[in-house]
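> Take a look at this one; I'll ask things after.
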Amino acid sequence: MTHTKAGIIGLGAMGAGMARNLHAAGALAAAWNRGPERAAPLAAEGLPLVDSPAEVATQSDVILLSLSADPDVTEVVERLRPALRAGHILVDTSTIDADTARRLAVDLARRGIAYLDAPVSGGSEGAANATLAMMIGGDPDAFARARPLLESVAAHIVHMGASGNGQATKAVNQIMAAGINQAVTEALAFATAEGLDTDKVIDIVSQGAAGNWFLRHRGQRMIQGDYPPGFRVRLHDKDLAICERMAERHGAHLHLAGMTRVHYARLIEQGFGDEDISALFRFKKQLYPNDE
């Protein structure tokens, strides 16, 4: 195992899983979260919690960020800036706009600090089990230095090229996830209306051409009306807004993403924004009013 010391900022569903895996690998030197309530359980488990981003920087060589949106990342980087030194590597696992990632990379490089945009996919399960897929943009030498440490939190790590390419690849993932969510929830609502044994439907369909991760990992629970947040509706909505902005720069409109955001808006209005995106099944069931 590498002797590189890691720090992590952001201890939500994804960050907490990564922090635990870094700690288990003996690599975690410091962790911090803006809200102390999320940090408390990790402190009770013996993880090294500190009081500020600056302390994370002073105790770490590689700093992972796991935050919600562009303004959060920008704010935390500004708070880190006075304590950053040449040779530091920031690995940003947040999902943000590719242009924001490019700006941060250029700005920090002036001080000899590497910024890798490294968004992840795999949900809270992937974060907990260290099976995440990580798509990385940025300096290849910094990527090579950080990779041994990142193997403690992700099972599939690919360098996608220049800064911003990690986020652009994540945008591809999020657009595709919207389509899969639409297809699976709509199909299972149809199966329910047809009176099929949905356990058998999920089992057999998962073995064929339409099988996918979302069906296997979310299908049973959505049928039961259970939507624990592996990936929250409001966060996917935020990500799809980023995808739409990126597409607009090419003069394009993302029709499927736009439709999904309309549906998510209704879920958020109804108070379901913090449920898993499989909560779209709530909306799809309404397509069959005679079965209510």
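Residue numbering restarts at 1 in every chain; chains get A, B, ... in the order shown in the structure tokens, and ligands count up from 1 in that same order.
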Excluding same-chain residues fewer than 6 positions from range 116-129 of chain A, what lies within 8 Å of it counting only C-alpha atoms, as a tab-separated table (two decimals) with N, CA and C atoms, in the first residue's frame?

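Ended up saving to around_19.tsv:
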```
chain	number	residue	atom	x	y	z
A	13	ALA	N	-23.16	10.59	1.79
A	13	ALA	CA	-23.29	9.15	1.50
A	13	ALA	C	-22.10	8.61	0.74
A	14	MET	N	-21.57	9.39	-0.22
A	14	MET	CA	-20.42	8.94	-1.01
A	14	MET	C	-19.12	9.15	-0.25
A	15	GLY	N	-18.94	10.33	0.30
A	15	GLY	CA	-17.69	10.66	0.98
A	15	GLY	C	-17.44	9.79	2.20
A	16	ALA	N	-18.50	9.47	2.94
A	16	ALA	CA	-18.33	8.65	4.13
A	16	ALA	C	-17.82	7.26	3.76
A	17	GLY	N	-18.38	6.69	2.68
A	17	GLY	CA	-17.91	5.38	2.24
A	17	GLY	C	-16.45	5.42	1.83
A	18	MET	N	-16.07	6.43	1.08
A	18	MET	CA	-14.68	6.54	0.66
A	18	MET	C	-13.76	6.77	1.85
A	20	ARG	N	-14.18	5.74	4.92
A	20	ARG	CA	-14.02	4.47	5.64
A	20	ARG	C	-13.03	3.55	4.92
A	21	ASN	N	-13.10	3.51	3.61
A	21	ASN	CA	-12.19	2.64	2.87
A	21	ASN	C	-10.76	3.13	2.91
A	89	ILE	N	-2.14	17.26	-4.51
A	89	ILE	CA	-3.07	16.81	-5.55
A	89	ILE	C	-4.48	16.87	-4.97
A	90	LEU	N	-5.36	17.60	-5.64
A	90	LEU	CA	-6.77	17.61	-5.30
A	90	LEU	C	-7.50	16.67	-6.26
A	91	VAL	N	-8.20	15.71	-5.71
A	91	VAL	CA	-8.98	14.76	-6.51
A	91	VAL	C	-10.45	15.04	-6.22
A	92	ASP	N	-11.11	15.68	-7.17
A	92	ASP	CA	-12.48	16.12	-6.95
A	92	ASP	C	-13.45	15.07	-7.48
A	93	THR	N	-14.06	14.32	-6.57
A	93	THR	CA	-15.01	13.28	-6.95
A	93	THR	C	-16.43	13.81	-7.10
A	94	SER	N	-16.61	15.11	-6.89
A	94	SER	CA	-17.93	15.73	-7.05
A	94	SER	C	-18.33	15.72	-8.52
A	95	THR	N	-19.62	15.91	-8.78
A	95	THR	CA	-20.10	16.06	-10.15
A	95	THR	C	-20.39	17.53	-10.39
A	101	ALA	N	-14.30	22.60	-13.73
A	101	ALA	CA	-13.12	21.77	-13.48
A	101	ALA	C	-11.90	22.30	-14.23
A	105	ALA	N	-8.41	23.68	-12.54
A	105	ALA	CA	-7.14	23.03	-12.89
A	105	ALA	C	-6.11	24.05	-13.34
A	135	MET	N	-13.85	8.18	-13.25
A	135	MET	CA	-13.42	8.69	-14.56
A	135	MET	C	-12.66	9.99	-14.33
A	136	ILE	N	-11.40	10.05	-14.77
A	136	ILE	CA	-10.51	11.13	-14.32
A	136	ILE	C	-9.97	11.95	-15.49
A	137	GLY	N	-10.03	13.25	-15.32
A	137	GLY	CA	-9.40	14.17	-16.24
A	137	GLY	C	-8.30	14.95	-15.53
A	138	GLY	N	-7.23	15.27	-16.26
A	138	GLY	CA	-6.17	16.08	-15.66
A	138	GLY	C	-4.78	15.56	-15.98
A	139	ASP	N	-3.81	16.14	-15.31
A	139	ASP	CA	-2.40	15.86	-15.56
A	139	ASP	C	-2.09	14.37	-15.39
A	142	ALA	N	0.13	13.47	-12.31
A	142	ALA	CA	-0.61	13.54	-11.05
A	142	ALA	C	-1.53	12.33	-10.91
A	143	PHE	N	-2.14	11.94	-12.02
A	143	PHE	CA	-3.00	10.76	-12.01
A	143	PHE	C	-2.19	9.53	-11.60
A	153	VAL	N	-10.54	3.12	-3.01
A	153	VAL	CA	-11.94	3.55	-3.00
A	153	VAL	C	-12.69	3.19	-4.27
A	154	ALA	N	-11.99	2.83	-5.33
A	154	ALA	CA	-12.64	2.55	-6.61
A	154	ALA	C	-12.05	1.29	-7.24
A	163	SER	N	-8.00	17.91	-18.47
A	163	SER	CA	-8.90	18.43	-17.44
A	163	SER	C	-10.28	18.68	-18.04
A	164	GLY	N	-11.31	18.29	-17.29
A	164	GLY	CA	-12.68	18.43	-17.75
A	164	GLY	C	-13.23	17.17	-18.38
A	165	ASN	N	-12.35	16.30	-18.86
A	165	ASN	CA	-12.83	15.09	-19.53
A	165	ASN	C	-13.47	14.09	-18.56
A	166	GLY	N	-13.03	14.12	-17.31
A	166	GLY	CA	-13.68	13.27	-16.32
A	166	GLY	C	-15.13	13.69	-16.13
A	167	GLN	N	-15.33	15.01	-15.99
A	167	GLN	CA	-16.69	15.52	-15.80
A	167	GLN	C	-17.54	15.32	-17.07
A	170	LYS	N	-18.67	11.83	-16.97
A	170	LYS	CA	-19.74	11.67	-15.98
A	170	LYS	C	-21.06	12.20	-16.53
A	173	ASN	N	-22.61	9.55	-18.40
A	173	ASN	CA	-23.19	8.59	-17.46
A	173	ASN	C	-24.55	9.07	-16.95
A	230	GLY	N	-29.85	5.93	-2.55
A	230	GLY	CA	-28.55	5.58	-3.10
A	230	GLY	C	-28.04	6.74	-3.94
A	231	PHE	N	-28.95	7.36	-4.71
A	231	PHE	CA	-28.65	8.57	-5.47
A	231	PHE	C	-29.91	9.42	-5.48
```
> Please list as a list of chain:residue names every residue within 10 Å of range 259-266 of chain A, counting only C-alpha atoms and excluding residues in the same chain fewer than 2 positions away.
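That gives A:Ile175, A:Ala178, A:Gly179, A:Asn181, A:Gln182, A:Val233, A:Arg234, A:His236, A:Asp237, A:Lys238, A:Asp239, A:Leu240, A:Ala241, A:Leu254, A:His255, A:Leu256, A:Ala257, A:Ile268, A:Glu269, A:Gln270, A:Gly271, A:Phe272, A:Gly273, A:Ile277, A:Ala279, A:Leu280, A:Phe283, A:Lys284.
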> Tell me, as a ChimeraX atom specification, which residues lie within 9 Å of Leu11 in chain A, counting only C-alpha atoms; anything in the same chain fewer than 6 positions away does not count.
/A:17-19,31-35,38-39,42,66-67
> Between CA of Arg145 in chain A and CA of Glu78 in chain A, what is the spacing in Å?
23.7 Å
> Given only C-alpha atoms as the basis, pick out the residue of A:Gln220, A:Arg147, A:Ala43, A:Arg102 nearest to Asp197 in chain A.
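For Asp197 in chain A, the nearest of the given residues is A:Gln220.
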> If you run DSSP on the backbone here, which positions in range 41-276 of chain A get strand (DSSP E or B)? Please write them as a PyMOL selection string.
chain A and resi 49+62-65+89-92+114-117+120-121+132-137+154-161+232+276
